[in-house]
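Working notes, structure below.
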Amino acid sequence: MTIEKNKLTGTIFNIQRFSLHDGPGIRTTVFFKGCPLRCIWCHNPESFDKSIQVTFDQEKCIECDICKGVRDISTSERCPANAIEVIGEEISVEDLYSEIEKDKGYYETSNGGVTFSGGEPLMQSEFLVKILKKCNENNIHTAVDTCGQASKEVFEKVNDLVDLYLYDMKFIDNDLHEKYTGSSNEKILENLKYLSDKNIRIFIRLPLIPGITDTEKNITEVVEYLKRINFEQINLLSYHGYAKNKYIKLGINVELDQLETISESRLEEIKNKFVSAGFKTVIGG
Amino acid sequence: MLTDRVQKLREQSLEAIPHIWIGRGEIVTDTYLKNEGKVSTPVLRALTFKDILEQKPICINDGELIVGEKGDSPAGAPTFPELCCHTKKDFDVMNHREKISFKVDKNAYKIHKNKIKPYWEKRSIRHKILETMSEEWMDAYEAGVFTEFMEQRAPGHTVADKKVFTKGFNHFKSEIRNSKEKFQAGSDPDKLDRIEQLKAMEITCDAIIRFAERHSEKALELASTEKDPQRKKELENIAEVCKYVPANAPRNFHEALQAYWFIHLGVTTELNTWDAFNPGRLDQHLQPFFEKGIKDGSLTKDSAYELLNLFWIKFNNQPAPPKVGFTLLESATYTDFANINSGGLTTDGSDAVNEMSYMVLDCIEEMRLLQPSSNIQLSEKNPDKFIERALHILKKGGGQPSIFNSDAVIQEMLNMGKSIEDARDGGTSGCVETGAFGKEAYILHGYFNLTKILDLTLHNGYDNFSEKQLSVGTGDAMFFGSFEELMSAFKEQLKYFIDIKIEGSNKIAEIYAETMPAPFLSVIIDDCISTGKDYNAGGARYNSSYIQGVGTGTITDSLSSIKQHVFDNERFTMQSMIQAIDDNFDGYEVLHSIVKNKTKKYGNDDDYPDSLMQEVFNAFYDSVNGRPNAIGGHYRINMLPTTSHVYFGSVIGATADGRKAGKPLSEGISPVQGADKKGPTAVLKSASKMDHLKTGGTLLNQKFTPQIFNDPKGVTAIKDLVRTYFKMNGHHLQFNVVNADTLRDAQLHPQSYGDLIVRVAGYSDYFNNLGSDLQDEIIERTEQCISI
Ligand code: SF4
């Protein structure tokens, strides 16, 4: 795909059709590349860096020497074995929209739509605004899955174009937040309050990582905090498996040796806490 | 809940050992020896029918309420030597093989050798067909360009309609007499033939009535010695029922099921029809009897359900009669394709889902039998609750029920010129075939190997498999200068073989029309009585002949590969592509990797390959659709393979999409196994770019992991997938809910998976019953899952 100069493009790393866990109905989820946080449990480490990355899979390589040992974007297309994998692509608003539009029929039947996720879509706000507008014009329901780490101005730019925010929360305790995500949660909580005051439709999403986010203390604090927030529902997300291989392939430090999956019973317990606080609580996305 | 009675009979049905009942073959031979040449052919066939039903043993199994077997006992399969005559070797094969075996006892061997074979060997329809066919036809047939359904089975494909639930055979007899009188008084040039035909029909009416009476007598006989007072009462009731139906119109739920069952036995005894007969819109037909019974207190929901369960068991007691020769070796199923449906629209076009529709679904869920197969006909007007109930059953595995788009099915029939009422009263049967129930002969003439046509095009008409020049030369493909040149050569080859196929099919249809009328079937299919014409000779209101296209995914990807790598990107030449294929990619590792990994493939909602699929489909449609058949109707297409994609793959070398020589082709209109990478919404979009409304049926299987069905959002999402596919005019969708790992484990430990049922193509089967090539093919199909 050739991109004309000065034409606005976004950097994404995946378009997932038939997504069922990123908002209501059947959705297409667009994963933006680049994220301000570094949650140690993240299973999309390819979302960290905004730049396009290339990985090489020795096992797939058939040693044809077509690449002449140069394994980069320029040779990946010609590699017969798909051993040279490019992670991320620059895409124009039109091209992205035409991918999103492909499943419009399914969105209509299922009350689904598109979800912009990542990474952090708000990091590419100019591009995001354009693609949101395009979806709005064509009556496609839009959701933005955000970690909340963005400036208020950015939110102001996109608020009117978003039908639903999927707002990720991790910790109320700022030290823990810094320890596990690499950033303070000050702005995140501030933005949530701001959106809440504007009565925008919000689903809160809380990843439950055993021993990290699912502690009694954190859960109690989240419940208390949310009492002051207007939101429609909270989704409790459990994680299965850890993308260790992806980290290794990308050359990113592996901080967690393995990721335990939260037990069913603990999940139920936590769910009950949210339910008792009067929140609509959903297990899974 | 299944009652003890049902559970016991179900077990017995599952445990019954398939065996040959030689009695039918013997009676047919006797009747022909006695009457051939002395009476007209229709009357000869009617007398054959009568003799079988008068002489065959009557079987009433302990505890059953719906009675009658096609053979001597459950799982007894008759032979049809007048259609195809087994050899001793055939008997040895079926008797001794591990899968899909039929026991043949000494007596059967003896009678067959001394009486049946000497008479039929040179007289059977199969023999006549193979003698009549042209050399070109034989060459193409033997090379695996197409198959021929009717070389071993009779043209049957049709389904019962309401009349058999609302009228009895005494009534049909009076209709026949009226028609006869009309022709006697008139001056129709074919008057005498028509009168003979009607005479034959009348004989079969008496025969079926007598057959039922014999069951009535047997029931009384059993009752007279029965110690258990309750069973005695039941037997007396059976006697009463069998005395009344099918001579008269059924008066209640029990009689309705029994009346149909006798008709089913009649149709499948008269001839071994393809894609067996079924009761059609069963929920519609039964609902009035159900309501009446509940109202007058003669029926409860439980007793109705038990009867329905027992009815189901009767189907499972009848394994598909074994074939002969190579087809016998290839046969991988006992299934006979009776496919019972529920749902759809009423004659006036409103939502037809009723209480019986749900009871039929309950029955499917609890019985878990291979036969009958089952499906729902889903209209936009049917409630979500209905499809959700069906998905809930599918979730448990077993591949039933399949789901049909009744709005599209109706549209397909309208496109073929049927009346709206006949279309709404119709539906699908067999695997996925569209038909006007009770009014149409929709005859399948055989599978057509589209991928092989491409292979022949690439080799200028020469077939590497049979090592023969099979067709006209369309130029050396090595020197084609453009993709268009390749496509036009392909279309020329396609037309050449379709012409051969149709010419052969017409001759076969004529052989049946002249020598193998089906007077009993003719009684119950409109308008055979009023026209005095046989079902096999064009007596039905609508007469359609189908050719089934196979290998959609494989041929599309192969074309896409050539277009993309040879002509668009010029990555390699046509010479190297053809050489690589001929060498099964040995020594062409790089080329093989490129075509496998870099080709734009069908099933990803990508117009590049999908438009090639459309081009192939349209070429196939244009060369077949609308051509006149031998029985006053037209040729049509549908897109389904049953298991022929495995056979068709075995007769083709490697293909340009990277498939190795001899491997199965893609199945139905599904993408090549594993070629679809963008999930189910993309697959369905690609598939919907085919114009389903121009066909009489397409088949799309999707394999889903059980995890998706267990997801709280999963069932709703699947429902929405189906609804959206149907809005795009998709004809049929079927789910296999199983993990590939489970299937792999089942291959290793078959003993632990005795009851594992999977969807094959238009039918389900025990995984253990399948040949390993078919097992592998199913494992390789893409597993749709959801990301978490
Ligand atoms: S082109 Fe691909 S397969 Fe060939 S040597 Fe390079 S990486 Fe390996």
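Going by the structure tokens order, chains are called A, B, ..., each with residues numbered from 1, while ligands are numbered from 1 in the order shown.
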Applying 9 Å and only C-alpha atoms, which residues near Thr552 in chain B remain after dropping the ones on its own chain fewer than 6 positions away? List them as a ChimeraX atom specification. /B:450-451,602,613,616-617,639,665-672
Write the residues of the preceding selection, restricted to N, CA, C and O atoms, as a compact mmCIF listing (two decimals), in the first residue's frame.
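Dumped to part-v2.txt:
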```txt
# COMPACT_ATOMS: atom_id res chain seq x y z
N LEU B 450 -15.03 -29.40 -10.56
CA LEU B 450 -14.61 -28.14 -11.19
C LEU B 450 -13.09 -27.98 -11.20
O LEU B 450 -12.50 -27.49 -12.17
N THR B 451 -12.45 -28.43 -10.12
CA THR B 451 -10.99 -28.28 -10.05
C THR B 451 -10.30 -29.12 -11.12
O THR B 451 -9.26 -28.74 -11.66
N TYR B 602 -9.57 -17.31 -1.14
CA TYR B 602 -11.02 -17.24 -0.91
C TYR B 602 -11.34 -17.50 0.57
O TYR B 602 -10.73 -18.36 1.19
N MET B 613 -13.92 -16.60 -7.77
CA MET B 613 -14.94 -17.57 -7.37
C MET B 613 -16.23 -17.28 -8.14
O MET B 613 -16.87 -18.19 -8.69
N VAL B 616 -15.99 -18.38 -11.79
CA VAL B 616 -16.12 -19.83 -11.96
C VAL B 616 -17.59 -20.24 -11.77
O VAL B 616 -18.16 -21.00 -12.55
N PHE B 617 -18.17 -19.70 -10.71
CA PHE B 617 -19.57 -20.02 -10.42
C PHE B 617 -20.46 -19.65 -11.59
O PHE B 617 -21.30 -20.43 -12.04
N MET B 639 -24.37 -26.49 -5.12
CA MET B 639 -22.95 -26.52 -4.77
C MET B 639 -22.77 -27.31 -3.48
O MET B 639 -22.85 -26.76 -2.38
N LEU B 665 -10.14 -32.00 -1.84
CA LEU B 665 -10.44 -30.62 -2.25
C LEU B 665 -11.14 -29.92 -1.10
O LEU B 665 -11.49 -30.55 -0.10
N SER B 666 -11.39 -28.65 -1.27
CA SER B 666 -12.18 -27.93 -0.27
C SER B 666 -13.59 -28.51 -0.29
O SER B 666 -14.03 -29.08 -1.28
N GLU B 667 -14.30 -28.29 0.82
CA GLU B 667 -15.59 -28.96 0.98
C GLU B 667 -16.72 -27.93 0.80
O GLU B 667 -16.60 -26.81 1.28
N GLY B 668 -17.79 -28.34 0.12
CA GLY B 668 -18.93 -27.43 -0.07
C GLY B 668 -18.48 -26.13 -0.71
O GLY B 668 -17.67 -26.12 -1.63
N ILE B 669 -19.02 -25.02 -0.21
CA ILE B 669 -18.52 -23.73 -0.69
C ILE B 669 -17.58 -23.13 0.35
O ILE B 669 -17.31 -21.93 0.36
N SER B 670 -17.09 -23.97 1.25
CA SER B 670 -16.16 -23.50 2.28
C SER B 670 -14.81 -23.17 1.65
O SER B 670 -14.45 -23.73 0.63
N PRO B 671 -14.06 -22.28 2.31
CA PRO B 671 -12.70 -22.02 1.86
C PRO B 671 -11.86 -23.29 2.00
O PRO B 671 -12.26 -24.22 2.71
N VAL B 672 -10.72 -23.30 1.35
CA VAL B 672 -9.77 -24.39 1.54
C VAL B 672 -9.45 -24.48 3.04
O VAL B 672 -9.32 -23.45 3.71
```
Within 9 Å of ligand 1, which residues show up when you count only C-alpha atoms and all ligand atoms? List them as a ChimeraX atom specification, please. /A:56-58,60-71,75-84 /B:590,593
Could you list, as a PyMOL selection string, the residues of chain A having an atom within 9 Å of chain B when counting only C-alpha atoms? chain A and resi 16-21+25-26+62+64+77-82+102-103+105-110+239-240+284-285
Might you pull out every residue within 12 Å of Asn159 in chain A, with only C-alpha atoms counted and same-chain residues fewer than 5 positions away left off, and present them as a ChimeraX atom specification? /A:122,125,128-129,132-133,142-144,152-154,164-165,191,194-196,198-202
Interatomic distance, CA of Asn316 in chain B to CA of Ser73 in chain B (Å, one decimal): 12.2 Å
Which residues are near His127 in chain B? Cut-off 12 Å, only C-alpha atoms, ignore same chain within fewer than 5 positions. Put them as a ChimeraX atom specification. /B:81-86,120-122,132-133,150-152,324,508,511
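Compared by their closest atoms to Ala477 in chain B, and using only C-alpha atoms, the residues B:Gln579, B:Lys418, B:Ile529, B:Asn625 rank with B:Gln579 nearest.
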